[in-house]
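*Asks:* Next comes the structure file query_21.cif, holding mmCIF, C-alpha atoms; chains and numbers go by the auth columns.
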data_coords
loop_
_atom_site.group_PDB
_atom_site.id
_atom_site.type_symbol
_atom_site.label_atom_id
_atom_site.label_comp_id
_atom_site.label_asym_id
_atom_site.label_seq_id
_atom_site.Cartn_x
_atom_site.Cartn_y
_atom_site.Cartn_z
_atom_site.B_iso_or_equiv
_atom_site.auth_seq_id
_atom_site.auth_asym_id
ATOM 1 C CA MET A 1 7.521 57.162 62.025 0.00 15 A
ATOM 2 C CA THR A 2 8.541 60.541 60.673 0.00 16 A
ATOM 3 C CA SER A 3 7.186 63.484 62.586 0.00 17 A
ATOM 4 C CA ALA A 4 4.410 65.608 61.119 0.00 18 A
ATOM 5 C CA VAL A 5 6.765 68.575 60.978 0.00 19 A
ATOM 6 C CA HIS A 6 9.653 66.872 59.202 0.00 20 A
ATOM 7 C CA ASP A 7 9.994 69.618 56.581 0.00 21 A
ATOM 8 C CA HIS A 8 9.481 72.465 59.003 0.00 22 A
ATOM 9 C CA HIS A 9 12.831 73.072 60.643 0.00 23 A
ATOM 10 C CA ASP A 10 11.557 76.020 62.663 0.00 24 A
ATOM 11 C CA GLY A 11 9.275 73.612 64.532 0.00 25 A
ATOM 12 C CA GLU A 12 6.071 75.272 63.272 0.00 26 A
ATOM 13 C CA ARG A 13 3.197 73.036 62.235 0.00 27 A
ATOM 14 C CA ALA A 14 2.669 72.692 58.535 0.00 28 A
ATOM 15 C CA SER A 15 -0.283 74.658 57.086 0.00 29 A
ATOM 16 C CA TRP A 16 -2.136 71.391 56.388 0.00 30 A
ATOM 17 C CA ASP A 17 -1.448 69.911 59.857 0.00 31 A
ATOM 18 C CA THR A 18 -4.685 71.224 61.378 0.00 32 A
ATOM 19 C CA ASP A 19 -7.445 69.801 63.552 0.00 33 A
ATOM 20 C CA GLU A 20 -10.122 71.726 61.653 0.00 34 A
ATOM 21 C CA LEU A 21 -10.378 71.438 57.869 0.00 35 A
ATOM 22 C CA PRO A 22 -9.214 74.776 56.378 0.00 36 A
ATOM 23 C CA GLN A 23 -11.577 76.865 54.214 0.00 37 A
ATOM 24 C CA GLY A 24 -11.243 79.511 51.499 0.00 38 A
ATOM 25 C CA GLU A 25 -7.799 81.027 50.911 0.00 39 A
ATOM 26 C CA ALA A 26 -6.317 79.086 53.842 0.00 40 A
ATOM 27 C CA LYS A 27 -7.382 75.878 52.111 0.00 41 A
ATOM 28 C CA VAL A 28 -5.830 76.944 48.782 0.00 42 A
ATOM 29 C CA ARG A 29 -2.525 77.704 50.531 0.00 43 A
ATOM 30 C CA ALA A 30 -2.553 74.483 52.590 0.00 44 A
ATOM 31 C CA VAL A 31 -3.329 72.327 49.545 0.00 45 A
ATOM 32 C CA ARG A 32 -0.606 73.931 47.410 0.00 46 A
ATOM 33 C CA GLU A 33 2.039 73.691 50.154 0.00 47 A
ATOM 34 C CA MET A 34 1.050 70.136 51.078 0.00 48 A
ATOM 35 C CA PHE A 35 1.267 68.830 47.513 0.00 49 A
ATOM 36 C CA ASP A 36 4.597 70.633 47.006 0.00 50 A
ATOM 37 C CA ALA A 37 5.875 68.766 50.086 0.00 51 A
ATOM 38 C CA ILE A 38 4.592 65.272 49.193 0.00 52 A
ATOM 39 C CA ALA A 39 5.269 65.433 45.426 0.00 53 A
ATOM 40 C CA PRO A 40 8.556 63.448 45.410 0.00 54 A
ATOM 41 C CA ARG A 41 6.988 60.252 46.821 0.00 55 A
ATOM 42 C CA TYR A 42 3.335 60.853 45.899 0.00 56 A
ATOM 43 C CA ASP A 43 3.114 58.139 43.209 0.00 57 A
ATOM 44 C CA LEU A 44 4.826 55.535 45.391 0.00 58 A
ATOM 45 C CA VAL A 45 2.437 56.163 48.310 0.00 59 A
ATOM 46 C CA ASN A 46 -0.586 56.009 45.951 0.00 60 A
ATOM 47 C CA ARG A 47 0.449 52.626 44.565 0.00 61 A
ATOM 48 C CA VAL A 48 1.117 51.208 48.031 0.00 62 A
ATOM 49 C CA MET A 49 -2.003 52.502 49.751 0.00 63 A
ATOM 50 C CA THR A 50 -4.435 51.534 46.957 0.00 64 A
ATOM 51 C CA PHE A 51 -2.748 48.179 46.181 0.00 65 A
ATOM 52 C CA ARG A 52 -2.303 49.560 42.636 0.00 66 A
ATOM 53 C CA LEU A 53 -6.085 49.879 42.188 0.00 67 A
ATOM 54 C CA ASP A 54 -5.442 53.556 41.368 0.00 68 A
ATOM 55 C CA VAL A 55 -3.920 52.382 38.057 0.00 69 A
ATOM 56 C CA ARG A 56 -7.158 50.586 37.136 0.00 70 A
ATOM 57 C CA TRP A 57 -9.346 53.521 38.197 0.00 71 A
ATOM 58 C CA ARG A 58 -7.426 55.933 35.971 0.00 72 A
ATOM 59 C CA ARG A 59 -7.638 53.628 32.939 0.00 73 A
ATOM 60 C CA LYS A 60 -11.403 53.361 33.488 0.00 74 A
ATOM 61 C CA THR A 61 -11.579 57.167 33.636 0.00 75 A
ATOM 62 C CA VAL A 62 -9.852 57.498 30.262 0.00 76 A
ATOM 63 C CA ASP A 63 -11.988 54.694 28.731 0.00 77 A
ATOM 64 C CA LEU A 64 -15.245 56.302 29.857 0.00 78 A
ATOM 65 C CA LEU A 65 -14.130 59.713 28.646 0.00 79 A
ATOM 66 C CA SER A 66 -15.077 58.118 25.295 0.00 80 A
ATOM 67 C CA LEU A 67 -13.365 60.623 23.033 0.00 81 A
ATOM 68 C CA ALA A 68 -11.864 60.009 19.589 0.00 82 A
ATOM 69 C CA ALA A 69 -8.088 59.595 19.430 0.00 83 A
ATOM 70 C CA GLY A 70 -6.294 62.877 18.846 0.00 84 A
ATOM 71 C CA SER A 71 -8.566 64.829 21.204 0.00 85 A
ATOM 72 C CA THR A 72 -7.110 67.698 23.234 0.00 86 A
ATOM 73 C CA VAL A 73 -7.782 66.798 26.863 0.00 87 A
ATOM 74 C CA ILE A 74 -6.894 68.969 29.844 0.00 88 A
ATOM 75 C CA ASP A 75 -5.996 67.102 33.024 0.00 89 A
ATOM 76 C CA LEU A 76 -6.857 69.366 35.930 0.00 90 A
ATOM 77 C CA ALA A 77 -5.008 69.132 39.248 0.00 91 A
ATOM 78 C CA ALA A 78 -2.813 66.798 37.208 0.00 92 A
ATOM 79 C CA GLY A 79 -0.252 66.199 39.946 0.00 93 A
ATOM 80 C CA THR A 80 2.655 64.176 38.609 0.00 94 A
ATOM 81 C CA GLY A 81 0.756 63.364 35.415 0.00 95 A
ATOM 82 C CA ASP A 82 -0.506 59.808 35.934 0.00 96 A
ATOM 83 C CA LEU A 83 -3.723 60.524 34.020 0.00 97 A
ATOM 84 C CA CYS A 84 -1.737 62.291 31.286 0.00 98 A
ATOM 85 C CA VAL A 85 0.249 59.079 30.745 0.00 99 A
ATOM 86 C CA ASP A 86 -2.995 57.111 30.276 0.00 100 A
ATOM 87 C CA LEU A 87 -4.527 59.822 28.072 0.00 101 A
ATOM 88 C CA ALA A 88 -1.452 59.803 25.808 0.00 102 A
ATOM 89 C CA ALA A 89 -1.526 55.988 25.675 0.00 103 A
ATOM 90 C CA ALA A 90 -5.140 56.242 24.434 0.00 104 A
ATOM 91 C CA GLY A 91 -3.985 58.538 21.610 0.00 105 A
ATOM 92 C CA HIS A 92 -5.077 61.855 23.111 0.00 106 A
ATOM 93 C CA ALA A 93 -3.109 65.107 23.420 0.00 107 A
ATOM 94 C CA PRO A 94 -3.114 65.846 27.165 0.00 108 A
ATOM 95 C CA ILE A 95 -2.177 69.146 28.828 0.00 109 A
ATOM 96 C CA ALA A 96 -1.484 69.141 32.588 0.00 110 A
ATOM 97 C CA PHE A 97 -2.680 71.958 34.857 0.00 111 A
ATOM 98 C CA ASP A 98 -1.845 72.137 38.567 0.00 112 A
ATOM 99 C CA LEU A 99 -1.558 74.735 41.318 0.00 113 A
ATOM 100 C CA SER A 100 1.462 72.934 42.801 0.00 114 A
ATOM 101 C CA PHE A 101 4.794 73.628 41.124 0.00 115 A
ATOM 102 C CA GLY A 102 6.286 70.731 43.117 0.00 116 A
ATOM 103 C CA MET A 103 3.848 68.272 41.563 0.00 117 A
ATOM 104 C CA LEU A 104 4.423 69.560 38.026 0.00 118 A
ATOM 105 C CA ALA A 105 8.196 69.467 38.554 0.00 119 A
ATOM 106 C CA ALA A 106 7.924 65.801 39.629 0.00 120 A
ATOM 107 C CA GLY A 107 5.824 65.034 36.508 0.00 121 A
ATOM 108 C CA ARG A 108 7.143 62.462 34.092 0.00 122 A
ATOM 109 C CA SER A 109 4.310 62.213 31.559 0.00 123 A
ATOM 110 C CA GLY A 110 6.040 64.332 28.901 0.00 124 A
ATOM 111 C CA ALA A 111 2.773 66.282 28.474 0.00 125 A
ATOM 112 C CA PRO A 112 2.871 70.108 28.353 0.00 126 A
ATOM 113 C CA ARG A 113 2.522 71.439 31.917 0.00 127 A
ATOM 114 C CA VAL A 114 0.946 74.670 33.142 0.00 128 A
ATOM 115 C CA GLN A 115 1.004 75.995 36.705 0.00 129 A
ATOM 116 C CA ALA A 116 -2.430 77.578 37.153 0.00 130 A
ATOM 117 C CA ASP A 117 -5.414 77.872 39.453 0.00 131 A
ATOM 118 C CA ILE A 118 -7.913 75.517 37.797 0.00 132 A
ATOM 119 C CA LEU A 119 -10.775 77.714 39.010 0.00 133 A
ATOM 120 C CA ARG A 120 -9.428 80.357 36.557 0.00 134 A
ATOM 121 C CA LEU A 121 -8.052 78.486 33.566 0.00 135 A
ATOM 122 C CA PRO A 122 -5.924 80.422 31.032 0.00 136 A
ATOM 123 C CA LEU A 123 -7.960 78.941 28.155 0.00 137 A
ATOM 124 C CA ALA A 124 -10.441 80.277 25.613 0.00 138 A
ATOM 125 C CA ASP A 125 -14.126 79.300 25.719 0.00 139 A
ATOM 126 C CA GLY A 126 -14.895 75.944 24.075 0.00 140 A
ATOM 127 C CA SER A 127 -11.221 75.366 23.318 0.00 141 A
ATOM 128 C CA VAL A 128 -10.766 71.736 24.469 0.00 142 A
ATOM 129 C CA ASP A 129 -12.367 68.413 23.585 0.00 143 A
ATOM 130 C CA GLY A 130 -12.369 67.024 27.090 0.00 144 A
ATOM 131 C CA ALA A 131 -11.270 67.322 30.703 0.00 145 A
ATOM 132 C CA THR A 132 -10.225 64.860 33.378 0.00 146 A
ATOM 133 C CA CYS A 133 -9.591 65.371 37.084 0.00 147 A
ATOM 134 C CA GLY A 134 -8.273 62.706 39.454 0.00 148 A
ATOM 135 C CA PHE A 135 -8.834 62.835 43.222 0.00 149 A
ATOM 136 C CA ALA A 136 -8.907 66.607 43.482 0.00 150 A
ATOM 137 C CA LEU A 137 -12.523 67.767 43.742 0.00 151 A
ATOM 138 C CA ARG A 138 -12.306 67.752 47.535 0.00 152 A
ATOM 139 C CA ASN A 139 -9.159 69.897 47.436 0.00 153 A
ATOM 140 C CA LEU A 140 -10.824 72.782 45.589 0.00 154 A
ATOM 141 C CA ALA A 141 -11.955 75.861 47.501 0.00 155 A
ATOM 142 C CA ASP A 142 -15.042 76.391 45.287 0.00 156 A
ATOM 143 C CA LEU A 143 -16.614 73.466 43.402 0.00 157 A
ATOM 144 C CA PRO A 144 -19.339 75.488 41.603 0.00 158 A
ATOM 145 C CA ALA A 145 -16.597 77.771 40.215 0.00 159 A
ATOM 146 C CA PHE A 146 -14.686 74.709 39.009 0.00 160 A
ATOM 147 C CA PHE A 147 -17.781 73.272 37.307 0.00 161 A
ATOM 148 C CA ALA A 148 -18.422 76.657 35.653 0.00 162 A
ATOM 149 C CA GLU A 149 -14.860 76.595 34.234 0.00 163 A
ATOM 150 C CA LEU A 150 -15.438 73.071 32.864 0.00 164 A
ATOM 151 C CA GLY A 151 -18.639 74.296 31.212 0.00 165 A
ATOM 152 C CA ARG A 152 -16.776 77.267 29.759 0.00 166 A
ATOM 153 C CA VAL A 153 -13.650 75.616 28.296 0.00 167 A
ATOM 154 C CA VAL A 154 -15.038 72.248 27.081 0.00 168 A
ATOM 155 C CA ARG A 155 -16.562 72.531 23.593 0.00 169 A
ATOM 156 C CA ARG A 156 -20.137 71.403 22.826 0.00 170 A
ATOM 157 C CA GLY A 157 -20.102 67.617 22.455 0.00 171 A
ATOM 158 C CA GLY A 158 -16.905 67.457 24.527 0.00 172 A
ATOM 159 C CA ARG A 159 -16.624 65.146 27.542 0.00 173 A
ATOM 160 C CA ILE A 160 -15.537 65.221 31.176 0.00 174 A
ATOM 161 C CA ALA A 161 -14.470 62.394 33.494 0.00 175 A
ATOM 162 C CA LEU A 162 -13.937 63.282 37.162 0.00 176 A
ATOM 163 C CA LEU A 163 -12.533 60.652 39.530 0.00 177 A
ATOM 164 C CA ASP A 164 -12.543 60.964 43.305 0.00 178 A
ATOM 165 C CA VAL A 165 -12.856 59.024 46.519 0.00 179 A
ATOM 166 C CA GLY A 166 -16.328 57.816 47.414 0.00 180 A
ATOM 167 C CA ILE A 167 -18.305 56.628 50.416 0.00 181 A
ATOM 168 C CA PRO A 168 -19.306 52.960 49.935 0.00 182 A
ATOM 169 C CA HIS A 169 -23.039 52.127 50.261 0.00 183 A
ATOM 170 C CA ASN A 170 -22.402 48.758 51.916 0.00 184 A
ATOM 171 C CA ARG A 171 -22.085 49.309 55.673 0.00 185 A
ATOM 172 C CA LEU A 172 -19.370 46.678 56.144 0.00 186 A
ATOM 173 C CA VAL A 173 -17.296 47.970 53.205 0.00 187 A
ATOM 174 C CA ARG A 174 -17.802 51.526 54.511 0.00 188 A
ATOM 175 C CA PHE A 175 -16.631 50.506 57.999 0.00 189 A
ATOM 176 C CA GLY A 176 -13.525 48.735 56.671 0.00 190 A
ATOM 177 C CA ASN A 177 -12.761 51.605 54.320 0.00 191 A
ATOM 178 C CA GLY A 178 -13.114 54.113 57.180 0.00 192 A
ATOM 179 C CA ILE A 179 -10.630 52.201 59.351 0.00 193 A
ATOM 180 C CA TYR A 180 -8.199 51.741 56.471 0.00 194 A
ATOM 181 C CA PHE A 181 -8.233 55.352 55.295 0.00 195 A
ATOM 182 C CA GLY A 182 -8.545 56.838 58.777 0.00 196 A
ATOM 183 C CA HIS A 183 -5.819 54.787 60.484 0.00 197 A
ATOM 184 C CA VAL A 184 -3.711 52.691 58.102 0.00 198 A
ATOM 185 C CA VAL A 185 -3.174 55.217 55.285 0.00 199 A
ATOM 186 C CA PRO A 186 -1.796 57.947 57.616 0.00 200 A
ATOM 187 C CA ARG A 187 0.727 55.392 58.941 0.00 201 A
ATOM 188 C CA ILE A 188 1.812 54.406 55.422 0.00 202 A
ATOM 189 C CA GLY A 189 2.047 58.110 54.562 0.00 203 A
ATOM 190 C CA GLY A 190 4.052 58.802 57.710 0.00 204 A
ATOM 191 C CA LEU A 191 6.541 56.062 56.944 0.00 205 A
ATOM 192 C CA LEU A 192 6.999 56.905 53.264 0.00 206 A
ATOM 193 C CA SER A 193 6.232 60.615 53.060 0.00 207 A
ATOM 194 C CA ASP A 194 4.462 63.135 55.352 0.00 208 A
ATOM 195 C CA GLY A 195 2.177 61.833 58.114 0.00 209 A
ATOM 196 C CA ALA A 196 0.222 65.082 58.474 0.00 210 A
ATOM 197 C CA ALA A 197 -0.646 65.139 54.754 0.00 211 A
ATOM 198 C CA TYR A 198 -2.005 61.601 54.880 0.00 212 A
ATOM 199 C CA ARG A 199 -4.007 62.403 58.000 0.00 213 A
ATOM 200 C CA TYR A 200 -5.478 65.397 56.160 0.00 214 A
ATOM 201 C CA LEU A 201 -6.366 63.508 52.962 0.00 215 A
ATOM 202 C CA PRO A 202 -8.816 60.986 54.549 0.00 216 A
ATOM 203 C CA LYS A 203 -10.496 63.818 56.490 0.00 217 A
ATOM 204 C CA SER A 204 -10.814 65.871 53.305 0.00 218 A
ATOM 205 C CA VAL A 205 -13.533 63.501 52.016 0.00 219 A
ATOM 206 C CA ALA A 206 -15.840 65.601 54.216 0.00 220 A
ATOM 207 C CA TYR A 207 -15.493 68.440 51.661 0.00 221 A
ATOM 208 C CA LEU A 208 -17.236 66.354 48.964 0.00 222 A
ATOM 209 C CA PRO A 209 -20.954 66.988 48.462 0.00 223 A
ATOM 210 C CA PRO A 210 -23.231 63.966 47.862 0.00 224 A
ATOM 211 C CA PRO A 211 -23.288 62.632 44.249 0.00 225 A
ATOM 212 C CA LYS A 212 -26.759 64.112 43.550 0.00 226 A
ATOM 213 C CA GLN A 213 -25.470 67.569 44.409 0.00 227 A
ATOM 214 C CA ILE A 214 -22.373 67.145 42.192 0.00 228 A
ATOM 215 C CA ILE A 215 -24.570 65.959 39.290 0.00 229 A
ATOM 216 C CA ALA A 216 -26.901 68.967 39.794 0.00 230 A
ATOM 217 C CA GLY A 217 -23.863 71.285 39.746 0.00 231 A
ATOM 218 C CA LEU A 218 -22.644 69.778 36.473 0.00 232 A
ATOM 219 C CA HIS A 219 -26.143 69.916 34.933 0.00 233 A
ATOM 220 C CA ALA A 220 -26.282 73.622 35.775 0.00 234 A
ATOM 221 C CA VAL A 221 -23.205 74.353 33.624 0.00 235 A
ATOM 222 C CA GLY A 222 -24.283 72.294 30.595 0.00 236 A
ATOM 223 C CA PHE A 223 -23.319 68.658 31.303 0.00 237 A
ATOM 224 C CA THR A 224 -26.897 67.454 31.072 0.00 238 A
ATOM 225 C CA ASP A 225 -26.273 63.700 30.822 0.00 239 A
ATOM 226 C CA THR A 226 -23.887 63.366 33.784 0.00 240 A
ATOM 227 C CA GLN A 227 -23.633 59.849 35.222 0.00 241 A
ATOM 228 C CA HIS A 228 -22.303 58.796 38.618 0.00 242 A
ATOM 229 C CA ILE A 229 -20.420 55.474 38.511 0.00 243 A
ATOM 230 C CA PRO A 230 -19.198 53.848 41.756 0.00 244 A
ATOM 231 C CA LEU A 231 -15.928 51.877 41.367 0.00 245 A
ATOM 232 C CA SER A 232 -14.478 49.121 43.587 0.00 246 A
ATOM 233 C CA GLY A 233 -17.578 48.881 45.770 0.00 247 A
ATOM 234 C CA GLY A 234 -17.928 52.648 45.949 0.00 248 A
ATOM 235 C CA ILE A 235 -14.569 53.440 47.550 0.00 249 A
ATOM 236 C CA THR A 236 -14.038 55.624 44.506 0.00 250 A
ATOM 237 C CA GLN A 237 -16.540 57.382 42.236 0.00 251 A
ATOM 238 C CA LEU A 238 -16.427 58.526 38.642 0.00 252 A
ATOM 239 C CA LEU A 239 -18.573 61.284 37.121 0.00 253 A
ATOM 240 C CA VAL A 240 -18.797 61.416 33.336 0.00 254 A
ATOM 241 C CA GLY A 241 -20.797 63.768 31.141 0.00 255 A
ATOM 242 C CA THR A 242 -21.106 65.451 27.739 0.00 256 A
ATOM 243 C CA ARG A 243 -21.226 69.216 27.193 0.00 257 A
ATOM 244 C CA SER A 244 -24.617 69.904 25.611 0.00 258 A
#
For the file at hand, write its structure as structure tokens.
*Replies:*
Amino acid sequence: MTSAVHDHHDGERASWDTDELPQGEAKVRAVREMFDAIAPRYDLVNRVMTFRLDVRWRRKTVDLLSLAAGSTVIDLAAGTGDLCVDLAAAGHAPIAFDLSFGMLAAGRSGAPRVQADILRLPLADGSVDGATCGFALRNLADLPAFFAELGRVVRRGGRIALLDVGIPHNRLVRFGNGIYFGHVVPRIGGLLSDGAAYRYLPKSVAYLPPPKQIIAGLHAVGFTDTQHIPLSGGITQLLVGTRS
């Protein structure tokens, strides 16, 4: 297995290779540096560790966005642009935003790409028809600030679809999922990419508030009909809503 410090020739631990989950600015730095490091093999590891279920989850996200073809949709924390590919296939005009230059550089969606902090989007109020975000809520330093930005830039009648990991309700599924993500995924990540990053990612689920709290946060910024939809037995969750 590759060592956790394989990209750190000075022998220092990577910023994301921590026992405690980082907070605030330290978290922003760790997330940006980690995604820069794992960008080249990120898609491969995703396909392997989810048995390609991630492809199905993203298509569902675009379907349930339920916007007319030709809509301008921002994909936030877009990574290498997987969701942008699906958005374009559905006839939308996606724009990718990500903090990590490494991820954007590895993008192959053909969509316009912007390096930006998605808590401070360089967009006018009510300027987009919709927004998607895949597996990034737990990587943000301030979720209420992110929700406020969604409420600001999505026009009235526009839609959001936010996809992230979930905690299954079924105890057996939850137990199996915990073992898989806690022990197997870091090994896959270590073999194919960066072990420390894939130890961090399962732990980062702890950053996610419960669904009721997320829904309340989205209600507060104008997404009054937000629905929480568990996928694949609840190992992932999708939140969809309309800007009122």
*Asks:* So how far away is atom CA of Leu177 of chain A from atom CA of Pro224 of chain A, in Å?
*Replies:* 14.0 Å
*Asks:* How would you write, as a list of chain:residue names, the residues chosen by the PyMOL selection byres ((chain A and resi 241) around 8) on this structure?
*Replies:* A:Ile229, A:Asp239, A:Thr240, A:His242, A:Ile243, A:Leu253, A:Val254, A:Gly255
*Asks:* Using only C-alpha atoms for the distances, tell me which of A:His233, A:Arg134, A:Arg185, A:Lys74 is nearest to Phe160 of chain A.
*Replies:*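 Checking each candidate against Phe160 of chain A, we get A:Arg134 as the closest.
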*Asks:* Might you spell out which residues the PyMOL selection byres ((chain A and resi 138) around 12) would select in the displayed file, as an NGL selection string?
*Replies:* :A and (134-137 or 139-142 or 163-169)
*Asks:* What would the selection look like, as an NGL selection string, if the PyMOL selection byres ((chain A and resi 154) around 9) were run on the coordinates I just shared?
*Replies:* :A and (38 or 41-42 or 45 or 132-133 or 150-153 or 155-157 or 160 or 221)
*Asks:* Next, dump the selected residues to file, keeping only C-alpha atoms, as a compact mmCIF listing (two decimals), in the frame of the given file.
*Replies:*
# COMPACT_ATOMS: atom_id res chain seq x y z
CA GLY A 38 -11.24 79.51 51.50
CA LYS A 41 -7.38 75.88 52.11
CA VAL A 42 -5.83 76.94 48.78
CA VAL A 45 -3.33 72.33 49.54
CA ILE A 132 -7.91 75.52 37.80
CA LEU A 133 -10.78 77.71 39.01
CA ALA A 150 -8.91 66.61 43.48
CA LEU A 151 -12.52 67.77 43.74
CA ARG A 152 -12.31 67.75 47.54
CA ASN A 153 -9.16 69.90 47.44
CA ALA A 155 -11.96 75.86 47.50
CA ASP A 156 -15.04 76.39 45.29
CA LEU A 157 -16.61 73.47 43.40
CA PHE A 160 -14.69 74.71 39.01
CA TYR A 221 -15.49 68.44 51.66
*Asks:* Kindly indicate which residue among A:Ile249, A:Ala145, A:Leu205, A:Val128 lies nearest to Val87 of chain A, using all atoms listed in the file for the distances.
*Replies:* A:Ala145
*Asks:* From the options A:Tyr194, A:Phe49, A:Phe149, A:Phe115, which residue's atoms come nearest to Arg72 of chain A, counting all atoms listed in the file?
*Replies:* A:Phe149
*Asks:* Using all atoms listed in the file, which of A:Ile193, A:Gln251, A:Ala159, A:Leu186 sits nearest Leu232 of chain A?
*Replies:*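 Among A:Ile193, A:Gln251, A:Ala159, A:Leu186, it is A:Ala159 that comes nearest to Leu232 of chain A.
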*Asks:* Could you tell me how far atom CA of Arg70 of chain A sits from atom CA of Ala130 of chain A, in Å to one decimal place?
*Replies:*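 Here the two named atoms are 27.4 Å from each other.
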*Asks:* Ranking A:Gly95, A:Phe237, A:Leu78, A:Ser29 by minimum distance to Arg43 of chain A and counting all atoms listed in the file, which one comes first?
*Replies:*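 Looking only at the distances to Arg43 of chain A, the closest residue turns out to be A:Ser29.
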*Asks:* I'd like to know which of A:Arg55, A:Arg170, A:Arg127, A:Arg27 is closest to Ser207 of chain A, using all atoms listed in the file.
*Replies:*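 Ranked by minimum distance to Ser207 of chain A, first place goes to A:Arg55.
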*Asks:* Quick check, in Å to one decimal: how far apart do atom CA of Phe161 of chain A and atom CA of Gly84 of chain A lie?
*Replies:*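 Between atom CA of Phe161 of chain A and atom CA of Gly84 of chain A the gap is 24.1 Å.
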*Asks:* Quick one: residues within 7 Å of Met117 of chain A, all atoms listed in the file counted, chain neighbours fewer than 2 positions away excluded, as a count of residues only?
*Replies:* 10
